[in-house]
Amino acid sequence: MLVLETEICRLKMRNPTMLAAGVLGTTAASLNWASKSGAGAIVTKSFSIDPNKGYANPTTVEVTGGFINAVGLSNPGVEAFTLELKKLERSVPVVASIYGSNPEEFGRLATKIGGMVDMIELNVSCPHAVGGCGASIGQDPDLTAEVVKTVKNVIKNPISVKLTPNVTDIVEIAVASQKAGCDALTLINSLGPGMRIDIETAHTILHNKFGGLSGPAIKPIALRCVYDVYKAVSVPLIGVGGIKDYMDVVEFLFAGASCVQIGTAIYYDGLKVFRDICTGLERFMKRKGYQSVKEMVGKTHNYY
Amino acid sequence: MHVPNIVKIKEIIQDTETVKTFIFKWEVKDEVPGHFMMMWNFQDEKPMSISLIDPIKDEIGISIKKVGKFTESIHLMDVGDELGLRGPYGRGFKIIGSRILAVGGGIGMAPLVAFAEEASKRGIKLDVINAATTQDELLFLSRFKKSGVNLMPCTNDGSFGFCGFGTALAEKALKNDSYDMLVCCGPELMMKKLVELVDKFKIPAQFSLERYMKCAVGLCGQCCVDDVGWRICVEGPVFWRDDLRLIKEFGKYKRDAAGVKHSLI
């Protein structure tokens with residue numbers, strides 16, 4: 001197991017996997033379950049200052065190769081969420097995913113919870129958010145930079161910016177985030193948005209009509225984004241998007257990710273996916289002679 | 001694939017003033033008592049227990065109590081109208097034992113009538129405590145009678161059957177008879193009382209819980225319960241009594257669509 005140990009922004013991880021934001025992350029109960037299931041770190045469901053019920057159902061519908069979701073960033077608000085944060089077992093690093101509609105809201109949130117978590121992930125990338133939240137920030141490099149600067153000013157925790165792939169040039173946003181002082185980048189959030197129509201009635205199935213695509217179908221996109229961004233920045237990358245098994249993890253490490261997040265795969269394989277990935281990865285590393293996860297990061301770039 | 005199937009309402013049974021059973025043509029495959037479907041009215045989607053499973057006629061039935069906007073809209077529908085159904089979801093009841101006591105209250109009778117019909121087909125001796133506030137609210141009396149179970153109706157006001165709570169009648173039944181197993185579905189505070197009883201009489205028991213749901217496939221975390229984190233849509237809705245020990249919020253609180261806690265007491 002020691003060979004799987006790694007670290008990001010000085011946070012020690014027992015293995016390079018994290019529970020991704022938005023999956024089984026709304027309560028301490030499910031977050032603790034994920035860490036007990038073998039995740040190397042856990043990311044909370046994105047939360048905001050005020051409570052948000054999110055969208056009505058259907059919020060999730062399956063498509064070929066994954067799911068589209070429009071849950072709508074539902075959360076009980078920061079006051080209630082701090083009660084959940086207090087119940088976390090803290091056996092693995094905890095990353096709080098936060099969102100707001102302007103830099104000031106992000107700053108307020110970060111101030112409130114920075115002392116309770118190890119790292120903060122800025123959700124500037126949800127593709128189905130309203131009111132100026134989510135991707136409407138992450139599609140604008142200047143607005144993203146402002147959010148990063150504001151949060152950097154108020155907390156000491158390392159900050160990762162979660163990037164949206166739904167832009168012409170993800171590298172531009174990544175570079176702007178790094179320039180503004182972020183400590184890491186998480187990429188990618190869900191793709192699209194996409195939609196699905198019921199052919200019997202012509203109704204759109206998601207209540208919000210559109211939702212972000214996640215799951216194996218987006219892996220090639222996520223991988224390419226990690227590859228491109230790795231070339232352009234020096235901060236560590238957290239790769240996410242369609243990762244299901246250890247082979248996917250290896251691809252992301254070689255593309256430039258220092259560690260990865262797992263979300264939709266929990267539907268296909270349950271929470272045992274973390275242990276399955278770690279076993280597979282350790283076997284692979286033994287076979288190939290890799291002594292550490294770190295030495296695998298960015299290997300593909302050695303050729304070009 | 002987890003996508004709603006569009007089905008036409010084949011038949012509507014007016015069970016009581018507030019409860020209707022909607023029958024759909026459905027290719028019955030894996031559906032068992034205790035399973036639920038996500039029902040879509042093209043505006044919202046909610047989990048509903050399956051109350052009738054007929055693999056010969058290829059039909060399922062879903063019994064719905066009119067309690068709010070969503071259920072009211074379903075009650076306004078006619079035979080021939082369309083709805084979306086996806087499922088079945090969750091873990092259903094395990095039919096174990098030769099002598100079972102089923103205890104239900106109100107619309108909690110819905111999964112239990114499906115359970116009773118299946119269990120009695122297998123020759124299992126089944127006593128059913130069917131509790132309601134008053135005679136007019138008692139559900140599925142003729143279905144239970146037809147299935148051959150020993151039906152023990154119970155009303156709060158004594159207008160029919162035993163006068164009192166279902167929990168009181170359950171205690172009587174447990175004292176007078178010996179059961180291999182107990183199944184229960186109803187208001188959570190009623191189920192909490194039943195847990196005390198099954199502990200007292202040392203009977204293995206299964207309870208069907210409900211929580212607000214969104215994805216129903218185990219991803220979103222909306223229906224995760226404290227402190228163990230289990231998902232009502234995957235690890236539940238049916239839990240053995242022992243597993244229920246880990247669900248510390250049982251009988252205490254539940255969460256709404258925002259995740260805000262609301263007390264059940």
# chains A, B, ... in the order shown; residues from 1 in each chain; ligands from 1
call {"tool": "closest_atom_pairs", "arguments": {"of": "chain B", "to": "chain A", "cutoff": "9 Å", "atoms": "only C-alpha atoms", "output": "JSON lines"}}
result
{"residue": "B:Met1", "atom": "CA", "partner": "A:Glu62", "partner_atom": "CA", "distance": 6.1}
{"residue": "B:His2", "atom": "CA", "partner": "A:Glu62", "partner_atom": "CA", "distance": 5.1}
{"residue": "B:Val3", "atom": "CA", "partner": "A:Val61", "partner_atom": "CA", "distance": 5.7}
{"residue": "B:Pro4", "atom": "CA", "partner": "A:Ile205", "partner_atom": "CA", "distance": 8.0}
{"residue": "B:Asn5", "atom": "CA", "partner": "A:Asp198", "partner_atom": "CA", "distance": 8.7}
{"residue": "B:Ile6", "atom": "CA", "partner": "A:Glu200", "partner_atom": "CA", "distance": 6.7}
{"residue": "B:Trp40", "atom": "CA", "partner": "A:Pro58", "partner_atom": "CA", "distance": 7.7}
{"residue": "B:Phe42", "atom": "CA", "partner": "A:His203", "partner_atom": "CA", "distance": 7.1}
{"residue": "B:Gln43", "atom": "CA", "partner": "A:His207", "partner_atom": "CA", "distance": 6.8}
{"residue": "B:Asp44", "atom": "CA", "partner": "A:Asn57", "partner_atom": "CA", "distance": 4.9}
{"residue": "B:Glu45", "atom": "CA", "partner": "A:Asn57", "partner_atom": "CA", "distance": 4.9}
{"residue": "B:Lys46", "atom": "CA", "partner": "A:Asn57", "partner_atom": "CA", "distance": 7.4}
{"residue": "B:Glu82", "atom": "CA", "partner": "A:Thr201", "partner_atom": "CA", "distance": 8.7}
{"residue": "B:Met213", "atom": "CA", "partner": "A:Asn57", "partner_atom": "CA", "distance": 8.7}
{"residue": "B:Lys214", "atom": "CA", "partner": "A:Asn57", "partner_atom": "CA", "distance": 6.1}
{"residue": "B:Cys215", "atom": "CA", "partner": "A:Thr60", "partner_atom": "CA", "distance": 5.3}
{"residue": "B:Ala216", "atom": "CA", "partner": "A:Thr60", "partner_atom": "CA", "distance": 8.6}
{"residue": "B:Val217", "atom": "CA", "partner": "A:Tyr267", "partner_atom": "CA", "distance": 6.9}
{"residue": "B:Gly218", "atom": "CA", "partner": "A:Tyr267", "partner_atom": "CA", "distance": 6.2}
{"residue": "B:Leu219", "atom": "CA", "partner": "A:Val23", "partner_atom": "CA", "distance": 5.2}
{"residue": "B:Cys220", "atom": "CA", "partner": "A:Val23", "partner_atom": "CA", "distance": 5.1}
{"residue": "B:Gly221", "atom": "CA", "partner": "A:Leu24", "partner_atom": "CA", "distance": 4.1}
{"residue": "B:Gln222", "atom": "CA", "partner": "A:Thr26", "partner_atom": "CA", "distance": 6.9}
{"residue": "B:Cys224", "atom": "CA", "partner": "A:Ser30", "partner_atom": "CA", "distance": 6.5}
{"residue": "B:Val225", "atom": "CA", "partner": "A:Ala29", "partner_atom": "CA", "distance": 7.0}
{"residue": "B:Asp226", "atom": "CA", "partner": "A:Ala29", "partner_atom": "CA", "distance": 5.3}
{"residue": "B:Asp227", "atom": "CA", "partner": "A:Ala29", "partner_atom": "CA", "distance": 4.8}
{"residue": "B:Val228", "atom": "CA", "partner": "A:Ala29", "partner_atom": "CA", "distance": 5.5}
{"residue": "B:Gly229", "atom": "CA", "partner": "A:Ser30", "partner_atom": "CA", "distance": 4.1}
{"residue": "B:Trp230", "atom": "CA", "partner": "A:Ser30", "partner_atom": "CA", "distance": 7.1}
{"residue": "B:Arg231", "atom": "CA", "partner": "A:Ser30", "partner_atom": "CA", "distance": 8.6}
{"residue": "B:Asp256", "atom": "CA", "partner": "A:Lys53", "partner_atom": "CA", "distance": 7.9}
{"residue": "B:Ala257", "atom": "CA", "partner": "A:Lys53", "partner_atom": "CA", "distance": 4.9}
{"residue": "B:Ala258", "atom": "CA", "partner": "A:Lys53", "partner_atom": "CA", "distance": 3.9}
{"residue": "B:Gly259", "atom": "CA", "partner": "A:Pro76", "partner_atom": "CA", "distance": 5.0}
{"residue": "B:Val260", "atom": "CA", "partner": "A:Pro76", "partner_atom": "CA", "distance": 5.1}
{"residue": "B:Lys261", "atom": "CA", "partner": "A:Pro76", "partner_atom": "CA", "distance": 8.6}
call {"tool": "residues_around", "arguments": {"residues": "Asp54 of chain B", "least_positions_apart": "3", "cutoff": "10 Å", "atoms": "only C-alpha atoms", "output": "list of chain:residue names"}}
result
B:Lys25, B:Trp26, B:Glu27, B:Val28, B:Glu31, B:Lys57, B:Asp58, B:Glu59, B:Ile60, B:Gly61, B:Ala114, B:Glu117, B:Glu118
call {"tool": "write_last_selection", "arguments": {"atoms": "C-alpha atoms", "output": "compact mmCIF listing (two decimals), in the first residue's frame"}}
result
# COMPACT_ATOMS: atom_id res chain seq x y z
CA LYS B 25 -49.43 -3.19 -18.04
CA TRP B 26 -45.87 -4.17 -17.11
CA GLU B 27 -43.54 -6.99 -18.10
CA VAL B 28 -42.97 -8.41 -14.60
CA GLU B 31 -40.26 -6.98 -9.12
CA LYS B 57 -51.45 -10.87 -16.34
CA ASP B 58 -48.22 -8.83 -16.64
CA GLU B 59 -49.49 -6.04 -14.44
CA ILE B 60 -48.20 -3.98 -11.57
CA GLY B 61 -50.19 -1.75 -9.28
CA ALA B 114 -48.10 -7.38 -2.27
CA GLU B 117 -50.32 -12.13 -1.75
CA GLU B 118 -46.89 -13.56 -2.54
call {"tool": "residues_around", "arguments": {"residues": "Gln178 of chain A", "least_positions_apart": "4", "cutoff": "10 Å", "atoms": "only C-alpha atoms", "output": "number ranges by chain"}}
result
A: 145, 148, 160-161, 173-174, 182-185, 232-235
call {"tool": "residues_around", "arguments": {"residues": "Gly256 of chain A", "least_positions_apart": "5", "cutoff": "6 Å", "atoms": "only C-alpha atoms", "output": "PyMOL selection string"}}
result
chain A and resi 227+230+297-298
call {"tool": "select_by_dssp", "arguments": {"residues": "segment 151-254 of chain A", "states": "strand (DSSP E or B)", "output": "ChimeraX atom specification"}}
result
/A:159-163,184-187,191-194,197,204,211-214,237-240
call {"tool": "write_last_selection", "arguments": {"atoms": "N, CA and C atoms", "output": "PDB file, in the first residue's frame"}}
result
ATOM      1  N   ILE A 159      -6.041  25.858  -2.349  1.00  0.00           N
ATOM      2  CA  ILE A 159      -7.265  26.053  -3.123  1.00  0.00           C
ATOM      3  C   ILE A 159      -7.114  25.388  -4.474  1.00  0.00           C
ATOM      4  N   SER A 160      -8.119  24.584  -4.848  1.00  0.00           N
ATOM      5  CA  SER A 160      -8.150  24.042  -6.208  1.00  0.00           C
ATOM      6  C   SER A 160      -9.337  24.634  -6.941  1.00  0.00           C
ATOM      7  N   VAL A 161      -9.150  24.960  -8.193  1.00  0.00           N
ATOM      8  CA  VAL A 161     -10.241  25.471  -9.015  1.00  0.00           C
ATOM      9  C   VAL A 161     -10.738  24.333  -9.891  1.00  0.00           C
ATOM     10  N   LYS A 162     -12.042  24.051  -9.817  1.00  0.00           N
ATOM     11  CA  LYS A 162     -12.592  22.980 -10.661  1.00  0.00           C
ATOM     12  C   LYS A 162     -13.026  23.596 -11.975  1.00  0.00           C
ATOM     13  N   LEU A 163     -12.395  23.099 -13.049  1.00  0.00           N
ATOM     14  CA  LEU A 163     -12.587  23.712 -14.357  1.00  0.00           C
ATOM     15  C   LEU A 163     -13.709  23.052 -15.148  1.00  0.00           C
ATOM     16  N   ALA A 184      -3.917  24.339  -6.953  1.00  0.00           N
ATOM     17  CA  ALA A 184      -4.142  23.125  -7.744  1.00  0.00           C
ATOM     18  C   ALA A 184      -5.318  23.381  -8.675  1.00  0.00           C
ATOM     19  N   LEU A 185      -5.500  22.467  -9.618  1.00  0.00           N
ATOM     20  CA  LEU A 185      -6.645  22.552 -10.530  1.00  0.00           C
ATOM     21  C   LEU A 185      -7.332  21.191 -10.580  1.00  0.00           C
ATOM     22  N   THR A 186      -8.653  21.205 -10.515  1.00  0.00           N
ATOM     23  CA  THR A 186      -9.433  19.969 -10.643  1.00  0.00           C
ATOM     24  C   THR A 186     -10.119  20.006 -12.002  1.00  0.00           C
ATOM     25  N   LEU A 187      -9.864  19.018 -12.801  1.00  0.00           N
ATOM     26  CA  LEU A 187     -10.507  18.983 -14.119  1.00  0.00           C
ATOM     27  C   LEU A 187     -10.739  17.556 -14.576  1.00  0.00           C
ATOM     28  N   LEU A 191     -19.765  17.540 -18.543  1.00  0.00           N
ATOM     29  CA  LEU A 191     -19.673  18.028 -19.914  1.00  0.00           C
ATOM     30  C   LEU A 191     -21.033  18.468 -20.419  1.00  0.00           C
ATOM     31  N   GLY A 192     -20.993  19.469 -21.314  1.00  0.00           N
ATOM     32  CA  GLY A 192     -22.236  19.802 -22.023  1.00  0.00           C
ATOM     33  C   GLY A 192     -22.686  21.211 -21.746  1.00  0.00           C
ATOM     34  N   PRO A 193     -23.902  21.417 -21.217  1.00  0.00           N
ATOM     35  CA  PRO A 193     -24.802  20.359 -20.765  1.00  0.00           C
ATOM     36  C   PRO A 193     -25.435  19.568 -21.912  1.00  0.00           C
ATOM     37  N   GLY A 194     -26.087  18.458 -21.543  1.00  0.00           N
ATOM     38  CA  GLY A 194     -26.750  17.625 -22.537  1.00  0.00           C
ATOM     39  C   GLY A 194     -28.204  17.475 -22.147  1.00  0.00           C
ATOM     40  N   ILE A 197     -34.724  13.374 -24.518  1.00  0.00           N
ATOM     41  CA  ILE A 197     -36.150  13.597 -24.787  1.00  0.00           C
ATOM     42  C   ILE A 197     -36.882  12.269 -24.814  1.00  0.00           C
ATOM     43  N   THR A 204     -38.943  16.722 -22.364  1.00  0.00           N
ATOM     44  CA  THR A 204     -37.554  16.574 -21.934  1.00  0.00           C
ATOM     45  C   THR A 204     -37.610  15.818 -20.606  1.00  0.00           C
ATOM     46  N   GLY A 211     -28.579  18.979 -18.477  1.00  0.00           N
ATOM     47  CA  GLY A 211     -27.779  18.557 -17.342  1.00  0.00           C
ATOM     48  C   GLY A 211     -26.381  18.182 -17.788  1.00  0.00           C
ATOM     49  N   GLY A 212     -25.451  18.114 -16.842  1.00  0.00           N
ATOM     50  CA  GLY A 212     -24.067  17.785 -17.174  1.00  0.00           C
ATOM     51  C   GLY A 212     -23.889  16.300 -17.420  1.00  0.00           C
ATOM     52  N   LEU A 213     -23.098  15.963 -18.417  1.00  0.00           N
ATOM     53  CA  LEU A 213     -22.814  14.568 -18.742  1.00  0.00           C
ATOM     54  C   LEU A 213     -21.603  14.105 -17.945  1.00  0.00           C
ATOM     55  N   SER A 214     -21.735  12.953 -17.310  1.00  0.00           N
ATOM     56  CA  SER A 214     -20.622  12.374 -16.558  1.00  0.00           C
ATOM     57  C   SER A 214     -20.571  10.888 -16.858  1.00  0.00           C
ATOM     58  N   LEU A 237      -2.359  18.858 -10.775  1.00  0.00           N
ATOM     59  CA  LEU A 237      -3.684  18.660 -11.353  1.00  0.00           C
ATOM     60  C   LEU A 237      -4.392  17.482 -10.694  1.00  0.00           C
ATOM     61  N   ILE A 238      -5.698  17.636 -10.480  1.00  0.00           N
ATOM     62  CA  ILE A 238      -6.535  16.550  -9.975  1.00  0.00           C
ATOM     63  C   ILE A 238      -7.436  16.163 -11.134  1.00  0.00           C
ATOM     64  N   GLY A 239      -7.246  14.980 -11.666  1.00  0.00           N
ATOM     65  CA  GLY A 239      -7.989  14.555 -12.850  1.00  0.00           C
ATOM     66  C   GLY A 239      -9.308  13.907 -12.490  1.00  0.00           C
ATOM     67  N   VAL A 240     -10.373  14.279 -13.191  1.00  0.00           N
ATOM     68  CA  VAL A 240     -11.679  13.684 -12.939  1.00  0.00           C
ATOM     69  C   VAL A 240     -12.506  13.701 -14.216  1.00  0.00           C
TER      70      VAL A 240
END
call {"tool": "closest_residue", "arguments": {"among": "A:Gly115, A:Gly40, A:Pro141, A:Pro103", "to": "Ile8 of chain A", "atoms": "only C-alpha atoms"}}
result
A:Gly40
call {"tool": "residues_around", "arguments": {"residues": "segment 198-200 of chain B", "least_positions_apart": "6", "cutoff": "9 Å", "atoms": "only C-alpha atoms", "output": "PyMOL selection string"}}
result
chain B and resi 174+182+241
call {"tool": "residues_around", "arguments": {"residues": "Arg99 of chain B", "least_positions_apart": "3", "cutoff": "7 Å", "atoms": "only C-alpha atoms", "output": "list in words"}}
result
Ile124, Lys125, Leu126, Tyr179, Asp180 and Met181 of chain B
call {"tool": "write_last_selection", "arguments": {"atoms": "N, CA and C atoms", "output": "short mmCIF file (atom, residue, chain, number, x, y, z; two decimals), in the first residue's frame"}}
result
data_model
loop_
_atom_site.label_atom_id
_atom_site.label_comp_id
_atom_site.auth_asym_id
_atom_site.auth_seq_id
_atom_site.Cartn_x
_atom_site.Cartn_y
_atom_site.Cartn_z
N ILE B 124 -47.24 -19.91 3.17
CA ILE B 124 -46.77 -19.40 4.46
C ILE B 124 -47.97 -18.88 5.24
N LYS B 125 -48.04 -19.20 6.54
CA LYS B 125 -49.13 -18.70 7.39
C LYS B 125 -48.83 -17.25 7.76
N LEU B 126 -49.78 -16.40 7.40
CA LEU B 126 -49.54 -14.97 7.58
C LEU B 126 -50.67 -14.31 8.36
N TYR B 179 -44.21 -16.23 16.19
CA TYR B 179 -43.93 -15.95 14.79
C TYR B 179 -42.45 -16.16 14.50
N ASP B 180 -42.16 -16.59 13.25
CA ASP B 180 -40.76 -16.72 12.84
C ASP B 180 -40.17 -15.38 12.43
N MET B 181 -41.04 -14.50 11.94
CA MET B 181 -40.54 -13.27 11.35
C MET B 181 -41.65 -12.24 11.30
#
call {"tool": "residues_around", "arguments": {"residues": "Ala131 of chain B", "least_positions_apart": "4", "cutoff": "9 Å", "atoms": "only C-alpha atoms", "output": "number ranges by chain"}}
result
B: 103-106, 109, 137-139, 152-156, 162, 164-167
call {"tool": "write_last_selection", "arguments": {"atoms": "N, CA and C atoms", "output": "PDB file, in the first residue's frame"}}
result
ATOM      1  N   VAL B 103     -47.271  -6.096   9.935  1.00  0.00           N
ATOM      2  CA  VAL B 103     -47.915  -4.986  10.639  1.00  0.00           C
ATOM      3  C   VAL B 103     -47.795  -3.733   9.798  1.00  0.00           C
ATOM      4  N   GLY B 104     -48.935  -3.121   9.487  1.00  0.00           N
ATOM      5  CA  GLY B 104     -48.892  -1.934   8.642  1.00  0.00           C
ATOM      6  C   GLY B 104     -49.877  -0.887   9.083  1.00  0.00           C
ATOM      7  N   GLY B 105     -49.548   0.349   8.764  1.00  0.00           N
ATOM      8  CA  GLY B 105     -50.435   1.461   9.088  1.00  0.00           C
ATOM      9  C   GLY B 105     -50.617   2.351   7.891  1.00  0.00           C
ATOM     10  N   GLY B 106     -51.855   2.727   7.619  1.00  0.00           N
ATOM     11  CA  GLY B 106     -52.134   3.671   6.537  1.00  0.00           C
ATOM     12  C   GLY B 106     -51.627   3.170   5.200  1.00  0.00           C
ATOM     13  N   MET B 109     -49.624  -0.055   4.120  1.00  0.00           N
ATOM     14  CA  MET B 109     -50.176  -1.347   3.726  1.00  0.00           C
ATOM     15  C   MET B 109     -49.840  -1.677   2.279  1.00  0.00           C
ATOM     16  N   GLU B 137     -60.889   4.327   6.218  1.00  0.00           N
ATOM     17  CA  GLU B 137     -59.502   4.439   5.747  1.00  0.00           C
ATOM     18  C   GLU B 137     -58.816   3.079   5.624  1.00  0.00           C
ATOM     19  N   LEU B 138     -59.492   2.003   6.052  1.00  0.00           N
ATOM     20  CA  LEU B 138     -58.861   0.682   5.981  1.00  0.00           C
ATOM     21  C   LEU B 138     -58.642   0.289   4.521  1.00  0.00           C
ATOM     22  N   LEU B 139     -57.461  -0.271   4.242  1.00  0.00           N
ATOM     23  CA  LEU B 139     -57.080  -0.531   2.855  1.00  0.00           C
ATOM     24  C   LEU B 139     -57.044  -2.014   2.510  1.00  0.00           C
ATOM     25  N   MET B 152     -56.300  -8.951  10.621  1.00  0.00           N
ATOM     26  CA  MET B 152     -56.663  -8.377  11.913  1.00  0.00           C
ATOM     27  C   MET B 152     -56.757  -6.861  11.755  1.00  0.00           C
ATOM     28  N   PRO B 153     -57.938  -6.351  11.334  1.00  0.00           N
ATOM     29  CA  PRO B 153     -58.041  -4.910  11.138  1.00  0.00           C
ATOM     30  C   PRO B 153     -58.083  -4.180  12.476  1.00  0.00           C
ATOM     31  N   CYS B 154     -57.749  -2.899  12.413  1.00  0.00           N
ATOM     32  CA  CYS B 154     -57.545  -2.146  13.646  1.00  0.00           C
ATOM     33  C   CYS B 154     -57.802  -0.673  13.360  1.00  0.00           C
ATOM     34  N   THR B 155     -58.662  -0.032  14.132  1.00  0.00           N
ATOM     35  CA  THR B 155     -58.931   1.388  13.901  1.00  0.00           C
ATOM     36  C   THR B 155     -58.751   2.166  15.203  1.00  0.00           C
ATOM     37  N   ASN B 156     -58.259   3.406  15.085  1.00  0.00           N
ATOM     38  CA  ASN B 156     -58.050   4.241  16.273  1.00  0.00           C
ATOM     39  C   ASN B 156     -59.368   4.509  16.998  1.00  0.00           C
ATOM     40  N   PHE B 162     -60.267  -4.139  15.885  1.00  0.00           N
ATOM     41  CA  PHE B 162     -59.673  -3.803  17.173  1.00  0.00           C
ATOM     42  C   PHE B 162     -59.663  -2.288  17.370  1.00  0.00           C
ATOM     43  N   GLY B 164     -57.890   0.763  18.750  1.00  0.00           N
ATOM     44  CA  GLY B 164     -56.602   1.177  19.297  1.00  0.00           C
ATOM     45  C   GLY B 164     -55.558   1.257  18.205  1.00  0.00           C
ATOM     46  N   PHE B 165     -54.304   1.396  18.609  1.00  0.00           N
ATOM     47  CA  PHE B 165     -53.211   1.500  17.655  1.00  0.00           C
ATOM     48  C   PHE B 165     -52.773   0.120  17.171  1.00  0.00           C
ATOM     49  N   GLY B 166     -52.220   0.107  15.972  1.00  0.00           N
ATOM     50  CA  GLY B 166     -51.704  -1.137  15.430  1.00  0.00           C
ATOM     51  C   GLY B 166     -50.634  -1.727  16.317  1.00  0.00           C
ATOM     52  N   THR B 167     -49.875  -0.870  16.997  1.00  0.00           N
ATOM     53  CA  THR B 167     -48.807  -1.352  17.865  1.00  0.00           C
ATOM     54  C   THR B 167     -49.370  -2.114  19.059  1.00  0.00           C
TER      55      THR B 167
END
call {"tool": "atom_distance", "arguments": {"atom1": "atom CA of Asp169 of chain A", "atom2": "atom CA of Ala20 of chain A"}}
result
23.2 Å
call {"tool": "atom_distance", "arguments": {"atom1": "atom CA of Val151 of chain A", "atom2": "atom CA of Gly107 of chain A"}}
result
4.8 Å
